[in-house]
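Let me begin by presenting the structure, written as structure tokens, before commenting on it.
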Amino acid sequence: MELANLSVLLVWGAATALAIGLIAFSVDLSRLSGAKVDARDAARSREKVSVGAGAGDDVPGLIDAGSAAPVAAAGPVNRKFAGIGMSVTWLAAALLLVAIVLRGIAAGRTPWANMYEFTLVGTFVAVAVFAGVNTRRDARYLGAFVSGLGVLFLVLAQEKFFVEAMGVQPALQKYWLVIHVGVAICATGIFTVAFVASVLQLLRDARDNGSPVLGSRHWGWLDHTAAPAALESLSFRLNSVAFVLWTFTVIGGAIWAEDAWGRYWGWDPKEVWSFIVWVVYAAYLHARTTRGWSGSRAAWFVVAGYACVLFNFTGVNLIFNGKHSYSGL
């Protein structure tokens, strides 16, 4: 049990690192908002200087552009807090990975057999996917949101889903636990990052369309995220990969069900909602690729799909009784 206790401490360490990352990324976004305001003020100052030059020297209160010092434009913002955020994000991923491995060693099995472990591994996948995306493009604007969700999920896991590390019932002691559940966790982690990208896309669309709320100076950081089209493209690519994995999850689950329970499909609540998730994302991919759905309509589709993913994980397990209900909860 010493390894299990160490695993718990490492999970709390990962949650703390993600909380620090949330703060660092938030400060970075705040500084970006301030830089946007400074740049706007500098532009207005240059306009006043230009007007003064055209009006002549006899106009009081105006500066002669020929003698005035040039108004400096706002320089590039120091992104050191974003760098700190990425550093602690990598640290959180490393701590969480070690915690998961130790949990598996302590339990003597693959460490994703209950809601607690599913949450740990799913959070790790989401953080790792975000970090991986950032190595190919500057996606640090996603950091505050991914870190925030990571902290929420880990605290929820520790406070509400925690169970002691132990073995599983004989029906779960098969390689399908590794494949079926492992693939489902990977899909869920990728769906999470795609969801964040779609939410940012909706915010950018609303701002660009003149939203009075998002037009305030506090939302100036939105101008430093990717364009709505780029966010939509990122979400689409991530969801495409996750959908393939989720398809394999449904198929693999059916094969495992036939082996364990003697039938491929039994309308178990988990089976039904897993299929609903598949249908929603299949409809999203179909609408976007063949029907030309894009922009906010596509983003709201992703939000609806992720809501189904969350309900499939939490609501189905906690509300309904079925063969997939996790023990010890």
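How things are named: the first chain in the structure tokens is A, the next is B, and so on; residues count from 1 in each chain; ligands count from 1 in the order shown.
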Residue contacts of Arg109 in chain A (10 Å, only C-alpha atoms) excluding same-chain residues fewer than 6 positions away, as a tab-separated table (two decimals) with all heavy atoms, in the first residue's frame:
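Resulting contents of result-v9.tsv:
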chain	number	residue	atom	x	y	z
A	101	VAL	N	1.47	4.71	-13.02
A	101	VAL	CA	2.28	3.49	-13.04
A	101	VAL	C	2.34	2.87	-11.65
A	101	VAL	O	2.18	1.65	-11.49
A	101	VAL	CB	3.69	3.81	-13.56
A	101	VAL	CG1	4.60	2.59	-13.40
A	101	VAL	CG2	3.64	4.23	-15.03
A	103	ARG	N	0.21	3.23	-9.25
A	103	ARG	CA	-1.13	2.71	-8.94
A	103	ARG	C	-1.30	1.33	-9.57
A	103	ARG	O	-1.84	0.40	-8.93
A	103	ARG	CB	-2.18	3.68	-9.49
A	103	ARG	CG	-3.61	3.19	-9.42
A	103	ARG	CD	-4.23	3.41	-8.08
A	103	ARG	NE	-5.62	2.93	-8.07
A	103	ARG	CZ	-6.46	3.12	-7.08
A	103	ARG	NH1	-6.08	3.78	-5.99
A	103	ARG	NH2	-7.69	2.65	-7.11
A	165	ALA	N	-6.49	0.74	-4.08
A	165	ALA	CA	-5.89	-0.07	-5.15
A	165	ALA	C	-6.05	-1.54	-4.81
A	165	ALA	O	-5.56	-2.01	-3.79
A	165	ALA	CB	-4.42	0.29	-5.31
A	166	MET	N	-6.76	-2.25	-5.67
A	166	MET	CA	-7.00	-3.68	-5.45
A	166	MET	C	-7.25	-4.35	-6.78
A	166	MET	O	-7.33	-3.70	-7.83
A	166	MET	CB	-8.20	-3.87	-4.52
A	166	MET	CG	-9.50	-3.30	-5.05
A	166	MET	SD	-10.88	-3.44	-3.88
A	166	MET	CE	-10.33	-2.32	-2.60
A	167	GLY	N	-7.39	-5.66	-6.73
A	167	GLY	CA	-7.64	-6.41	-7.95
A	167	GLY	C	-9.06	-6.20	-8.45
A	167	GLY	O	-9.86	-5.46	-7.87
A	168	VAL	N	-9.38	-6.87	-9.57
A	168	VAL	CA	-10.71	-6.75	-10.18
A	168	VAL	C	-11.35	-8.12	-10.24
A	168	VAL	O	-10.69	-9.15	-10.09
A	168	VAL	CB	-10.62	-6.14	-11.59
A	168	VAL	CG1	-10.14	-4.70	-11.52
A	168	VAL	CG2	-9.70	-6.97	-12.50
A	173	GLN	N	-10.53	-9.60	-15.74
A	173	GLN	CA	-9.13	-9.99	-15.78
A	173	GLN	C	-8.76	-10.55	-17.14
A	173	GLN	O	-8.30	-11.69	-17.28
A	173	GLN	CB	-8.85	-11.02	-14.67
A	173	GLN	CG	-9.04	-10.46	-13.26
A	173	GLN	CD	-8.89	-11.52	-12.21
A	173	GLN	OE1	-8.64	-12.69	-12.49
A	173	GLN	NE2	-9.05	-11.13	-10.94
A	177	LEU	N	-9.56	-5.52	-21.06
A	177	LEU	CA	-9.52	-4.39	-20.14
A	177	LEU	C	-8.44	-3.40	-20.58
A	177	LEU	O	-8.64	-2.18	-20.52
A	177	LEU	CB	-9.24	-4.88	-18.71
A	177	LEU	CG	-9.02	-3.78	-17.65
A	177	LEU	CD1	-10.29	-2.95	-17.48
A	177	LEU	CD2	-8.60	-4.38	-16.32
A	178	VAL	N	-7.31	-3.93	-21.02
A	178	VAL	CA	-6.22	-3.08	-21.49
A	178	VAL	C	-6.62	-2.38	-22.78
A	178	VAL	O	-6.43	-1.16	-22.94
A	178	VAL	CB	-4.94	-3.92	-21.70
A	178	VAL	CG1	-3.81	-3.04	-22.20
A	178	VAL	CG2	-4.55	-4.64	-20.42
Pick from A:Thr119, A:Thr188, A:Ser274, A:Thr225: nearest to Leu29 in chain A, with only C-alpha atoms counted?
A:Thr225
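Counting only C-alpha atoms, the residue from A:Ala187, A:Ala298, A:Val125, A:Ile255 that sits nearest to Val277 in chain A is A:Ala187.
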Return as a ChimeraX atom specification the full set of residues in range 260-307 of chain A whose backbone-based DSSP assignment is helix (DSSP H, G or I).
/A:260-261,269-290,296-307
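Ranking A:Val309, A:Leu97, A:Leu231, A:Leu32 by their shortest atom-to-atom distance to Arg204 in chain A, with only C-alpha atoms included, puts A:Leu231 first.
Restricting the calculation to only C-alpha atoms, the smallest distance between Ser235 in chain A and any of A:Ile23, A:Ala82, A:Ala94, A:Ala194 is found for A:Ala194.
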Which of A:Phe191, A:Pro228, A:Val244, A:Ile100 sits closest to Cys308 in chain A [using only C-alpha atoms]:
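Between A:Phe191, A:Pro228, A:Val244, A:Ile100, the residue approaching Cys308 in chain A most closely is A:Phe191.
Separating CA of Leu310 in chain A from CA of Thr192 in chain A is a distance of 9.6 Å.
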Interatomic distance (Å, one decimal) between CA of Tyr141 in chain A and CA of Thr314 in chain A
27.9 Å
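A straight line drawn from CA of Ala99 in chain A to CA of Asn114 in chain A is 15.4 Å long.
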Can you pull out every residue within 10 Å of Gly182 in chain A, counting only C-alpha atoms, but drop anything in the same chain fewer than 5 positions away, and send it as a PyMOL selection string?
chain A and resi 110-113+118+121-122+176-177+187-188+245+249
Neighbour list for Ile179 in chain A as number ranges by chain, cut-off 10 Å, only C-alpha atoms, skip fewer than 3 positions in-chain
A: 174-176, 182-185, 248-249, 252-253
Quick one: residues within 12 Å of Gly315 in chain A, only C-alpha atoms, excluding same-chain residues fewer than 5 positions away - as a VMD selection string?
chain A and resid 115 269 to 270 273 307 to 310 320 to 321 325
Would you please work out which residue, of A:Val193, A:Val11, A:Ala92, A:Ala230, is nearest to Asp205 in chain A when using only C-alpha atoms?
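Smallest distance to Asp205 in chain A is found for A:Ala230.
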